[in-house]
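> Below you'll find the structure I mean.
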Amino acid sequence: MAVMRVRQAISTALADEMRADSSVMIFGEDVAAAEGPFKTSEGLLTEFGPLRVRDTPISEMAFTGAAVGAAIMGMKPVVEIMFMEFLGVALDQLVTEAAKMRYLSNGTLSVPMVVRASSGAGVGFGSQHSQTLVNWVAATPGLKVVCPSDAQSAYSLIRAAIQDPDPVMVLEPRALYAERGEVDTGLKIEIGAARLLRRGSAITVVTLGQMVNICRSAIEASGIDAELIDLATIVPWDRQAVLESVKKTGRLVVVEEAPESGGWGSEIVATVTAQLFNQLKGAPFRITTPDVPVPFNGALEARFIPTAEDIARQLAHAIKTGENPKTWWSLEGLK
Amino acid sequence: MAVMRVRQAISTALADEMRADSSVMIFGEDVAAAEGPFKTSEGLLTEFGPLRVRDTPISEMAFTGAAVGAAIMGMKPVVEIMFMEFLGVALDQLVTEAAKMRYLSNGTLSVPMVVRASSGAGVGFGSQHSQTLVNWVAATPGLKVVCPSDAQSAYSLIRAAIQDPDPVMVLEPRALYAERGEVDTGLKIEIGAARLLRRGSAITVVTLGQMVNICRSAIEASGIDAELIDLATIVPWDRQAVLESVKKTGRLVVVEEAPESGGWGSEIVATVTAQLFNQLKGAPFRITTPDVPVPFNGALEARFIPTAEDIARQLAHAIKTGENPKTWWSLEGLK
Amino acid sequence: MNTSMQRRVDVQENEIARYERMVEIREVEEQVFELFAAGEVRGTTHLCQGQEALAVGLASILRPTDTVLATYRGHGIALALGLTPEVVLGEVMGKAIGCCGGVGGSMHMCDMSLGLLPTSTIVGAGIPIAAGTALAFQTQGVDNVGVSVFGDGTTNIGAFHEGLNLASIWKLPVVFICDNNVYGEYSRIEVTTPIEDLHMRAESYKMPHFALDGMDVEAVRKGVKEAVERARSGGGPTLIEAKTYRFAGHSRADQGLYRPEGELEEWRKRDPIKVTEDSLVARGVLTLENIASIKSDMKRIIQEVIATCNAAPEPALAAMFENIWTPPKALQA
Amino acid sequence: MNTSMQRRVDVQENEIARYERMVEIREVEEQVFELFAAGEVRGTTHLCQGQEALAVGLASILRPTDTVLATYRGHGIALALGLTPEVVLGEVMGKAIGCCGGVGGSMHMCDMSLGLLPTSTIVGAGIPIAAGTALAFQTQGVDNVGVSVFGDGTTNIGAFHEGLNLASIWKLPVVFICDNNVYGEYSRIEVTTPIEDLHMRAESYKMPHFALDGMDVEAVRKGVKEAVERARSGGGPTLIEAKTYRFAGHSRADQGLYRPEGELEEWRKRDPIKVTEDSLVARGVLTLENIASIKSDMKRIIQEVIATCNAAPEPALAAMFENIWTPPKALQA
Ligand SMILES: Cc1ncc(C[n+]2csc(CCOP(=O)(O)OP(=O)(O)O)c2C)c(N)n1
Ligand SMILES: Cc1ncc(C[n+]2csc(CCOP(=O)(O)OP(=O)(O)O)c2C)c(N)n1
Ligand SMILES: [Mg+2]
Ligand SMILES: [Mg+2]
């Protein structure tokens, strides 16, 4: 077990896959010579050479499309979209081409490509470089979507994504790149499998990405006996793990780094409600960001992302009253 | 009151706005000389001339971006994305630029543009030309999204969209273009206002677009006393109308032409559950399409879209048993 | 060798087979038009009458291990590459025997064994994908070639620009073929595009480029051969502009009323089938009688295929749930 | 006339003001670097040392009613157009006095009264938007001009191709300025781009184009004037390539270790501030003493501005909920 930063866990996972499988290649903007704008491809060009590790022109549509073609013809390309927002100039290739190719070939091909993108708020990059944008890739039959929350899951999910025979989108919480954690390179995390991080009986907290640590802090600080589930895979999410937990706790909160409108957590709430209605002790609810662009100012951005304090408040309220807690911005009369 | 096809209602709304406001202009692929691939801009070039009605090259990124710039500088451009999927090559301009410009100007500008796109299944265009894709534009603070369900709402919502000072996305159900309906050109439908189409006490049916008629058929055929709400606006959806209805009926079903995973209806279910938990007689649930690409074959496509029969079955089941009905595909062992 | 591979070998080896294939494409397209007109097929369709020489010329040069990214206007290229009229018409008619099992439709042709990747309906999408197949070949060190065929109007979309630039900077073994059939939907190319010779755009990428006569299958073969050989031998990409003309409307609904008077008639004088016929007859390879019987045979054959397709089963309901993805292990358990 | 408009008039009318503005931009950028290095500012920043002549030359030709779409590397253009160091540094520091109220940050400059639309952080996004502002002007029949300024690496993205094509076919009054500072992030332009003279890409759109010396403010003025006049008088768009050099790293974290040895030093010999100084001194417009005091004054002024910004209030929490949209009437009720 080594301790490494999340960005090193990613580099290591890429290197380990490239060693294990010569069809793995990576390309993207400044991923080769510069070893990645976030240093997530350290050492790769040196070890694997310029055929398999390539810098691209600034053209996400071209290189995402090139990944589709290369994947179909036997490679396992991993491309990097530097910031998730940039997929807005290339979405077509991932969701309209890659995700549908198996279907449109009558099952005669597969598209084992991985699209990695840094995502989320917290480091002062402003409204066009800080969103999570899961919604862009959700609702896409054929596409899997994962989101690590620490060095271990970054390592294991990247390896699982590369090994998967279908296109996989990896949303990497940018704010975590420098975080350290233990990594067991032998540990597998399957796509579609949630991680049960803390057992508890009072309420089930479902979350992912950088919200995992924040929820853990909230739980620890509040002393609430919450069960903490790191979803890890968003599509397809682990229904079994969530449903089993809520069967036990009778309560559910989904904590999302995504706007109240259009966030991914509604689906968890809706599914759990539909399936476990009579076993619920209180209304499942969501804790989200407000429906605003991500603000740059540090104090504002720190409130934008759900805070441990606010999560603790809402958990306590829900358990105590059985009622749906108010958002901080409605409490403060801000919207 | 005139009877017109939905496509004529759209042309008429565009013409009426262009007459009322000389800053309204339209452009897109083959919208001028050919009067629109779906004949939704009939007569406009002739009446308003080539400065205000323009054909574009095949370049959605360029012309959507041009709409952003023109809107900021005082025009009210309406652009046509022929099929919603094509926004996949231009999404950036709508959600990352247009929707955030007011914020990023400290409120000193607005972007009164409209993006119209045909959307949805039902006419045999296959998996890359038949999706609704609301998810691409949801979760975008700053952007409004509407979806007409008949000639009247097509007319009124297009006019409201053009008059709105912010970017508005109009998703036009392609399968309805040829449908006829009465249009009162004096009738306003405000953005954000749902349409209560049928009063009932047994269950609230929330839907939009082409599912509205299908739900109406299901309700009529089944004899269930359902309340039918045409959401009309997806962002921001009419919470008040939905909550009031469910307060009365105690039951909710959202019927969506969108995949089970990532569909917009989860948010309605989640919000209603969170707010009215103790007033619910049964679990709110969704009726969606299966998580599959839209199939071409007619028989398959007809099953892909929720049918009136299946909706009627699910309504009856929910009301009778208070339980969450199964999907047809799980009943038939297909997934 | 199965039928479709034999069909491929035929066009590679035999000029009469090439002529027959062009006649086949024409007949299939005419019949597809009739089927749609009669309301027997749903959805939409994009026909390629007038562009047969490009399809057949291309197929006659490529190896089955080369890849082709074509478009919604793909029946001709599919047939040329070797797909049988059954699987093409079967797909158009949404039958289980179709090349995509009936879930794709007219716009989605595919046969991986012949190098035809799924055709895309998004303008420009195939360009980077073709470059990607070439990237695989380059990285694997094999001498296969990727090809993207697209229209004149497509040279205005971002993916064209980005795809050609990427192919050039990486020197990928790919050939870009712009099938300039004068129109993009209902718009003449000059309404949307400030330059006339579209292949000149390759200058922006320091890429070799030229135009060829897309109505002459031999001219197509010569040009494609040059570009494919360059790609195969490590010389990088080429942009070819094939000057053709779309005899039919853009899609099902279009009657082509926007054409300048006489334009269609002028181009019909250089109908690629006629051009080939003239050459074959002039060189004594075929007689006029041969030609007449090839054409009448073809009509009969295609009618039989349509009858077969009509009688063929619809896809099972289960077909729509298949071939979407490999369920994650966690779900399989 | 308010301060910022006066600042605009100054650079339009007066060559000493232009020189001073270049010095101001340099000093602001150096101080922003220090602020980030000291950890006093969060996020990222993209500095423009070496590119001051382009910013000031451009601003000196345009009218405030013309529009400019610039990028994340936008402090220089913002200051040149007239924004004050307070509103620029205030925004970089996330203060309420910033031009975007502190919710934007370093990458988001804006002042509609001076024609500076919100700068975009998405490579290429400003190109179609600038064309769109020109579309508004053309449709309204006013003689304003739209301008998009972007980098060398940006000429490889789809929006560049589409935007220039659209502008050309509609003959829009827009000027595209490629600020070729040799690098896109950490990649030298030749690693990503097969041609050297990027302005040649305008040939694909039959658009006038030329290169100019971006280190010489007078050369910038001359070239921009030509293009702006063409646009204003109905002659359509132009692509200008300004040859410059980025003296700083790409962004906050970058030390520029990838530069070939001596390259930076070579370019520094043509430092735009030095080029202008030399000319002003040679022509006797300024003395060396004048220059020394302009520079030391500027250092002091910018330090004062930083002190002001440091003391300025943070935006209220409510600021993040404002300026998002006009709530629909149905919601207001
Ligand atoms: C991104 C995108 N925009 C628009 C369309 C609609 N569309 C389909 S075919 C076509 C015309 C293409 O013209 P061209 O490239 O000349 O090819 P042709 O149809 O003539 O073969 C258009 C605009 C599309 N499929 N994809
Ligand atoms: C669509 C998109 N892709 C990638 C990026 C990341 N990025 C920001 S600046 C930059 C380099 C741009 O280079 P150039 O056009 O030369 O402009 P410069 O930064 O030198 O001014 C890149 C790749 C982005 N902002 N947007
Ligand atoms: Mg064409
Ligand atoms: Mg640069």
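Residues in the structure tokens are numbered from 1 in each chain, the chains being A, B, ... in the order shown, and ligands are numbered from 1 in the order shown.
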Mind running chain C against ligand 1 at 8 Å and telling me each contacting residue's nearest atom pair with the distance in Å (one decimal), counting only C-alpha atoms and all ligand atoms, chain and number ascending, as a Markdown table?

| residue | atom | partner | partner_atom_place_in_ligand_line | distance |
| --- | --- | --- | --- | --- |
| C:His46 | CA | ligand 1 | 19 (O) | 7.3 |
| C:Cys48 | CA | ligand 1 | 21 (O) | 7.8 |
| C:Thr71 | CA | ligand 1 | 21 (O) | 7.5 |
| C:Tyr72 | CA | ligand 1 | 9 (S) | 7.4 |
| C:Arg73 | CA | ligand 1 | 21 (O) | 5.8 |
| C:Thr121 | CA | ligand 1 | 25 (N) | 5.1 |
| C:Ile122 | CA | ligand 1 | 26 (N) | 3.8 |
| C:Val123 | CA | ligand 1 | 26 (N) | 3.8 |
| C:Gly124 | CA | ligand 1 | 1 (C) | 6.8 |
| C:Ala125 | CA | ligand 1 | 1 (C) | 7.8 |
| C:Phe150 | CA | ligand 1 | 15 (O) | 5.7 |
| C:Gly151 | CA | ligand 1 | 15 (O) | 3.2 |
| C:Asp152 | CA | ligand 1 | 16 (O) | 3.9 |
| C:Gly153 | CA | ligand 1 | 15 (O) | 3.6 |
| C:Thr154 | CA | ligand 1 | 15 (O) | 3.7 |
| C:Thr155 | CA | ligand 1 | 15 (O) | 6.9 |
| C:Ile157 | CA | ligand 1 | 1 (C) | 7.5 |
| C:Asp179 | CA | ligand 1 | 21 (O) | 6.9 |
| C:Asn180 | CA | ligand 1 | 16 (O) | 6.4 |
| C:Asn181 | CA | ligand 1 | 20 (O) | 5.7 |
| C:Val182 | CA | ligand 1 | 16 (O) | 6.8 |
| C:Tyr183 | CA | ligand 1 | 16 (O) | 5.2 |
| C:Gly184 | CA | ligand 1 | 13 (O) | 3.2 |
| C:Glu185 | CA | ligand 1 | 11 (C) | 4.4 |
| C:Ile189 | CA | ligand 1 | 16 (O) | 7.5 |
| C:Arg246 | CA | ligand 1 | 20 (O) | 7.2 |
| C:His250 | CA | ligand 1 | 19 (O) | 6.1 |
> Contacts of segment 56-63 of chain D at 7 Å or less, counting only C-alpha atoms, minus same-chain residues fewer than 3 places along, as a ChimeraX atom specification?
/D:11-12,18,22,52-53,66,80-81,217-218,220-221,224-225
> Distance limit 6 Å, atoms considered: only C-alpha atoms. Which chain B residues sit that close to chain C? Return them as an mmCIF file with C-alpha atoms, in the first residue's frame.

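What ended up in out_30.cif:
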data_model
loop_
_atom_site.group_PDB
_atom_site.id
_atom_site.type_symbol
_atom_site.label_atom_id
_atom_site.label_comp_id
_atom_site.auth_asym_id
_atom_site.auth_seq_id
_atom_site.Cartn_x
_atom_site.Cartn_y
_atom_site.Cartn_z
ATOM 1 C CA PRO B 57 -23.869 26.864 -43.713
ATOM 2 C CA ILE B 58 -23.951 23.537 -41.866
ATOM 3 C CA SER B 59 -22.260 24.862 -38.771
ATOM 4 C CA VAL B 123 -41.465 9.020 -37.109
ATOM 5 C CA GLY B 124 -38.803 6.452 -37.899
ATOM 6 C CA PHE B 125 -35.683 8.593 -37.917
ATOM 7 C CA GLY B 126 -33.600 6.139 -35.913
ATOM 8 C CA PRO B 295 -35.066 1.793 -32.507
ATOM 9 C CA PHE B 296 -35.956 2.377 -36.157
ATOM 10 C CA ASN B 297 -38.337 -0.491 -36.745
#
> With 9 Å as the cut-off and only C-alpha atoms counted, what is the closest atom pair between each nearby residue of chain C and chain D? Distances in Å to one decimal, ordered by chain and number, as a Markdown table.

| residue | atom | partner | partner_atom | distance |
| --- | --- | --- | --- | --- |
| C:Asn156 | CA | D:Glu162 | CA | 6.1 |
| C:Ile157 | CA | D:Glu162 | CA | 5.9 |
| C:Gly158 | CA | D:Gly158 | CA | 3.5 |
| C:Ala159 | CA | D:Gly158 | CA | 6.1 |
| C:Phe160 | CA | D:Gly158 | CA | 7.8 |
| C:His161 | CA | D:Gly158 | CA | 6.0 |
| C:Glu162 | CA | D:Gly158 | CA | 5.9 |
| C:Asn165 | CA | D:Asn156 | CA | 7.0 |
| C:Leu166 | CA | D:Thr192 | CA | 7.8 |
| C:Ser168 | CA | D:Pro194 | CA | 6.8 |
| C:Ile169 | CA | D:Pro194 | CA | 5.8 |
| C:Trp170 | CA | D:Thr192 | CA | 8.9 |
| C:Glu190 | CA | D:Ile169 | CA | 8.8 |
| C:Val191 | CA | D:Ile169 | CA | 7.4 |
| C:Thr192 | CA | D:Ile169 | CA | 6.3 |
| C:Thr193 | CA | D:Ile169 | CA | 6.4 |
| C:Pro194 | CA | D:Tyr205 | CA | 5.5 |
| C:Ile195 | CA | D:Lys206 | CA | 6.2 |
| C:Leu198 | CA | D:Ser204 | CA | 8.2 |
| C:Met200 | CA | D:Ser204 | CA | 7.0 |
| C:Arg201 | CA | D:Ser204 | CA | 5.1 |
| C:Ala202 | CA | D:Ser204 | CA | 8.5 |
| C:Glu203 | CA | D:Arg201 | CA | 7.7 |
| C:Ser204 | CA | D:Arg201 | CA | 5.1 |
| C:Tyr205 | CA | D:Pro194 | CA | 5.5 |
| C:Lys206 | CA | D:Pro194 | CA | 5.9 |
| C:Met207 | CA | D:Pro194 | CA | 8.6 |
> What residues in chain B have any atom no more than 8 Å from chain A when counting only C-alpha atoms, and can you write them as a short mmCIF file (atom, residue, chain, number, x, y, z; two decimals) with N, CA and C atoms, in the first residue's frame?

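Writing the result to iface.cif gives the following:
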data_model
loop_
_atom_site.label_atom_id
_atom_site.label_comp_id
_atom_site.auth_asym_id
_atom_site.auth_seq_id
_atom_site.Cartn_x
_atom_site.Cartn_y
_atom_site.Cartn_z
N GLU B 85 -30.36 16.41 -31.62
CA GLU B 85 -29.04 15.79 -31.52
C GLU B 85 -27.94 16.70 -32.04
N PHE B 86 -28.25 17.56 -33.01
CA PHE B 86 -27.20 18.39 -33.61
C PHE B 86 -26.67 19.44 -32.62
N GLY B 88 -25.44 18.67 -30.10
CA GLY B 88 -24.22 18.02 -29.60
C GLY B 88 -22.95 18.56 -30.22
N VAL B 89 -23.04 19.28 -31.32
CA VAL B 89 -21.86 19.92 -31.89
C VAL B 89 -21.81 21.42 -31.57
N ALA B 90 -22.73 21.89 -30.74
CA ALA B 90 -22.81 23.34 -30.48
C ALA B 90 -23.22 23.68 -29.06
N LEU B 91 -23.27 22.68 -28.22
CA LEU B 91 -23.83 22.87 -26.88
C LEU B 91 -23.14 24.01 -26.14
N ASP B 92 -21.83 24.09 -26.32
CA ASP B 92 -21.05 25.11 -25.64
C ASP B 92 -21.69 26.50 -25.73
N THR B 96 -22.81 27.16 -22.03
CA THR B 96 -21.62 27.72 -21.37
C THR B 96 -21.45 29.20 -21.69
N LYS B 100 -24.69 31.98 -19.38
CA LYS B 100 -23.88 32.58 -18.30
C LYS B 100 -23.50 34.03 -18.55
N TYR B 103 -24.67 36.77 -16.08
CA TYR B 103 -23.90 36.65 -14.84
C TYR B 103 -22.51 37.22 -15.03
N SER B 127 -31.89 6.11 -34.24
CA SER B 127 -31.37 6.40 -32.91
C SER B 127 -30.61 7.71 -32.79
N GLN B 128 -30.16 8.30 -33.89
CA GLN B 128 -29.43 9.57 -33.79
C GLN B 128 -30.28 10.78 -34.18
N LEU B 133 -33.61 14.47 -25.19
CA LEU B 133 -32.36 15.08 -24.73
C LEU B 133 -32.52 16.33 -23.87
N ASN B 135 -31.98 16.44 -20.92
CA ASN B 135 -30.86 16.44 -19.97
C ASN B 135 -29.69 17.32 -20.42
N TRP B 136 -29.50 17.45 -21.73
CA TRP B 136 -28.37 18.29 -22.19
C TRP B 136 -28.52 19.73 -21.73
N VAL B 137 -29.73 20.21 -21.65
CA VAL B 137 -29.93 21.63 -21.35
C VAL B 137 -30.45 21.88 -19.94
N ALA B 138 -30.81 20.80 -19.24
CA ALA B 138 -31.20 20.97 -17.84
C ALA B 138 -29.95 21.32 -17.04
N ALA B 139 -30.12 21.60 -15.76
CA ALA B 139 -28.98 21.90 -14.88
C ALA B 139 -28.15 23.06 -15.43
N THR B 140 -28.80 24.00 -16.09
CA THR B 140 -28.11 25.16 -16.63
C THR B 140 -28.75 26.43 -16.10
N PRO B 141 -28.31 26.91 -14.94
CA PRO B 141 -28.87 28.16 -14.44
C PRO B 141 -28.73 29.25 -15.51
N GLY B 142 -29.79 29.94 -15.78
CA GLY B 142 -29.75 30.98 -16.81
C GLY B 142 -30.51 30.61 -18.07
N VAL B 235 -37.86 23.95 -17.55
CA VAL B 235 -37.04 24.77 -16.65
C VAL B 235 -37.48 26.21 -16.79
N ALA B 258 -38.35 9.91 -22.37
CA ALA B 258 -36.93 10.04 -22.03
C ALA B 258 -36.56 8.74 -21.35
N PRO B 259 -35.29 8.38 -21.40
CA PRO B 259 -34.90 7.11 -20.80
C PRO B 259 -35.12 7.11 -19.29
N GLU B 260 -35.34 5.93 -18.76
CA GLU B 260 -35.49 5.74 -17.32
C GLU B 260 -34.31 6.39 -16.58
N SER B 261 -33.11 6.19 -17.08
CA SER B 261 -31.93 6.79 -16.45
C SER B 261 -31.71 8.19 -17.00
N GLY B 262 -31.66 9.15 -16.10
CA GLY B 262 -31.32 10.50 -16.53
C GLY B 262 -32.48 11.33 -17.05
N GLY B 263 -33.69 10.81 -16.99
CA GLY B 263 -34.85 11.58 -17.47
C GLY B 263 -35.19 12.74 -16.54
N TRP B 264 -35.95 13.70 -17.05
CA TRP B 264 -36.25 14.92 -16.29
C TRP B 264 -37.30 14.69 -15.20
N SER B 266 -37.59 12.60 -12.81
CA SER B 266 -37.16 12.27 -11.46
C SER B 266 -37.22 13.48 -10.55
N GLU B 267 -36.90 14.62 -11.14
CA GLU B 267 -36.87 15.83 -10.33
C GLU B 267 -38.27 16.19 -9.82
N VAL B 269 -40.69 14.02 -9.31
CA VAL B 269 -41.00 13.02 -8.28
C VAL B 269 -40.27 13.35 -6.99
N ALA B 270 -38.98 13.69 -7.10
CA ALA B 270 -38.19 13.95 -5.90
C ALA B 270 -38.72 15.18 -5.16
N THR B 271 -39.05 16.21 -5.90
CA THR B 271 -39.53 17.44 -5.26
C THR B 271 -40.87 17.22 -4.58
N THR B 273 -42.13 14.43 -3.57
CA THR B 273 -41.96 13.53 -2.42
C THR B 273 -41.42 14.31 -1.23
N ALA B 274 -40.39 15.11 -1.49
CA ALA B 274 -39.78 15.84 -0.39
C ALA B 274 -40.78 16.79 0.26
N GLN B 275 -41.64 17.39 -0.55
CA GLN B 275 -42.52 18.42 0.01
C GLN B 275 -43.86 17.90 0.52
N PHE B 277 -44.60 14.55 1.43
CA PHE B 277 -44.46 13.16 1.82
C PHE B 277 -45.66 12.64 2.63
N GLY B 282 -49.77 7.15 -2.18
CA GLY B 282 -48.97 6.08 -2.76
C GLY B 282 -47.68 6.68 -3.27
N ALA B 283 -46.76 5.82 -3.63
CA ALA B 283 -45.46 6.31 -4.09
C ALA B 283 -45.59 6.98 -5.45
N PRO B 284 -45.12 8.20 -5.56
CA PRO B 284 -45.04 8.81 -6.89
C PRO B 284 -44.15 7.95 -7.77
N PHE B 285 -44.45 7.90 -9.03
CA PHE B 285 -43.60 7.08 -9.91
C PHE B 285 -43.53 7.69 -11.29
N ASP B 291 -34.23 2.12 -21.18
CA ASP B 291 -32.87 2.65 -21.36
C ASP B 291 -32.22 2.07 -22.61
N VAL B 292 -32.75 2.44 -23.75
CA VAL B 292 -32.21 1.90 -25.02
C VAL B 292 -32.16 3.03 -26.04
N PRO B 293 -31.29 2.92 -27.03
CA PRO B 293 -31.35 3.88 -28.14
C PRO B 293 -32.70 3.75 -28.84
N ASN B 324 -46.18 0.57 -6.72
CA ASN B 324 -45.48 1.04 -7.89
C ASN B 324 -45.58 0.01 -9.01
#
> So which residues of segment 1-157 of chain C fall under strand (DSSP E or B) by DSSP, listed as a PDB file with N, CA and C atoms, in the first residue's frame?

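Result saved to out_32.pdb:
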ATOM      1  N   THR C  67     -10.866   0.855 -43.534  1.00  0.00           N
ATOM      2  CA  THR C  67     -12.147   1.251 -42.942  1.00  0.00           C
ATOM      3  C   THR C  67     -12.787   2.385 -43.737  1.00  0.00           C
ATOM      4  N   VAL C  68     -14.100   2.353 -43.776  1.00  0.00           N
ATOM      5  CA  VAL C  68     -14.839   3.415 -44.454  1.00  0.00           C
ATOM      6  C   VAL C  68     -15.867   3.999 -43.489  1.00  0.00           C
ATOM      7  N   LEU C  69     -15.829   5.314 -43.341  1.00  0.00           N
ATOM      8  CA  LEU C  69     -16.851   6.039 -42.592  1.00  0.00           C
ATOM      9  C   LEU C  69     -17.694   6.796 -43.593  1.00  0.00           C
ATOM     10  N   THR C  71     -21.949   8.075 -44.678  1.00  0.00           N
ATOM     11  CA  THR C  71     -23.015   8.864 -44.041  1.00  0.00           C
ATOM     12  C   THR C  71     -24.380   8.218 -44.236  1.00  0.00           C
ATOM     13  N   ASP C 111     -21.048  -3.075 -41.935  1.00  0.00           N
ATOM     14  CA  ASP C 111     -20.547  -4.446 -42.000  1.00  0.00           C
ATOM     15  C   ASP C 111     -19.063  -4.417 -41.677  1.00  0.00           C
ATOM     16  N   LEU C 116     -16.881  -1.530 -43.374  1.00  0.00           N
ATOM     17  CA  LEU C 116     -17.860  -0.442 -43.288  1.00  0.00           C
ATOM     18  C   LEU C 116     -18.278  -0.250 -41.832  1.00  0.00           C
ATOM     19  N   SER C 120     -22.713   7.396 -40.046  1.00  0.00           N
ATOM     20  CA  SER C 120     -23.222   8.360 -39.080  1.00  0.00           C
ATOM     21  C   SER C 120     -24.170   9.329 -39.760  1.00  0.00           C
ATOM     22  N   GLY C 146      -7.682   4.345 -43.394  1.00  0.00           N
ATOM     23  CA  GLY C 146      -9.032   4.803 -43.050  1.00  0.00           C
ATOM     24  C   GLY C 146      -9.547   5.754 -44.122  1.00  0.00           C
ATOM     25  N   VAL C 147     -10.836   5.696 -44.381  1.00  0.00           N
ATOM     26  CA  VAL C 147     -11.426   6.592 -45.381  1.00  0.00           C
ATOM     27  C   VAL C 147     -12.687   7.218 -44.810  1.00  0.00           C
ATOM     28  N   SER C 148     -12.835   8.497 -45.043  1.00  0.00           N
ATOM     29  CA  SER C 148     -14.082   9.159 -44.692  1.00  0.00           C
ATOM     30  C   SER C 148     -14.668   9.770 -45.957  1.00  0.00           C
ATOM     31  N   VAL C 149     -15.915   9.472 -46.213  1.00  0.00           N
ATOM     32  CA  VAL C 149     -16.613  10.062 -47.363  1.00  0.00           C
ATOM     33  C   VAL C 149     -17.704  10.973 -46.817  1.00  0.00           C
ATOM     34  N   PHE C 150     -17.739  12.184 -47.329  1.00  0.00           N
ATOM     35  CA  PHE C 150     -18.708  13.158 -46.806  1.00  0.00           C
ATOM     36  C   PHE C 150     -19.054  14.127 -47.915  1.00  0.00           C
ATOM     37  N   GLY C 151     -20.012  14.983 -47.663  1.00  0.00           N
ATOM     38  CA  GLY C 151     -20.502  15.858 -48.711  1.00  0.00           C
ATOM     39  C   GLY C 151     -19.823  17.211 -48.762  1.00  0.00           C
TER      40      GLY C 151
END
> Please provide the set of residues having any atom within 7 Å of segment 157-160 of chain B, restricted to only C-alpha atoms, with same-chain residues fewer than 4 positions apart removed, written as a PDB file with N, CA and C atoms, in the first residue's frame.

ATOM      1  N   ILE B  10     -46.166  27.391 -35.594  1.00  0.00           N
ATOM      2  CA  ILE B  10     -44.806  27.887 -35.348  1.00  0.00           C
ATOM      3  C   ILE B  10     -44.465  29.001 -36.346  1.00  0.00           C
ATOM      4  N   ALA B  13     -46.370  32.063 -35.359  1.00  0.00           N
ATOM      5  CA  ALA B  13     -45.818  32.729 -34.176  1.00  0.00           C
ATOM      6  C   ALA B  13     -44.563  33.510 -34.546  1.00  0.00           C
ATOM      7  N   GLU B  17     -44.295  37.599 -34.286  1.00  0.00           N
ATOM      8  CA  GLU B  17     -43.246  38.272 -33.515  1.00  0.00           C
ATOM      9  C   GLU B  17     -42.390  39.168 -34.408  1.00  0.00           C
ATOM     10  N   PRO B 148     -43.715  22.526 -26.370  1.00  0.00           N
ATOM     11  CA  PRO B 148     -45.153  22.564 -26.669  1.00  0.00           C
ATOM     12  C   PRO B 148     -45.729  21.164 -26.877  1.00  0.00           C
ATOM     13  N   SER B 153     -50.048  25.621 -27.878  1.00  0.00           N
ATOM     14  CA  SER B 153     -48.883  25.876 -27.029  1.00  0.00           C
ATOM     15  C   SER B 153     -47.643  26.125 -27.882  1.00  0.00           C
ATOM     16  N   ASP B 164     -39.054  36.686 -24.162  1.00  0.00           N
ATOM     17  CA  ASP B 164     -38.285  36.557 -22.925  1.00  0.00           C
ATOM     18  C   ASP B 164     -36.908  37.216 -23.090  1.00  0.00           C
ATOM     19  N   ILE B 189     -49.326  31.970 -23.103  1.00  0.00           N
ATOM     20  CA  ILE B 189     -48.908  30.942 -22.134  1.00  0.00           C
ATOM     21  C   ILE B 189     -47.563  31.421 -21.604  1.00  0.00           C
ATOM     22  N   GLU B 190     -47.534  31.753 -20.334  1.00  0.00           N
ATOM     23  CA  GLU B 190     -46.295  32.274 -19.766  1.00  0.00           C
ATOM     24  C   GLU B 190     -45.283  31.149 -19.605  1.00  0.00           C
ATOM     25  N   ILE B 191     -44.030  31.498 -19.788  1.00  0.00           N
ATOM     26  CA  ILE B 191     -42.983  30.533 -19.463  1.00  0.00           C
ATOM     27  C   ILE B 191     -43.045  30.259 -17.962  1.00  0.00           C
TER      28      ILE B 191
END
> Just the residues within 9 Å of Ala221 of chain B, please, counting only C-alpha atoms, with nothing from its chain fewer than 2 positions along; format it as JSON, numbers by chain.
{"B": [216, 217, 218, 219, 223, 224, 308, 309, 312]}
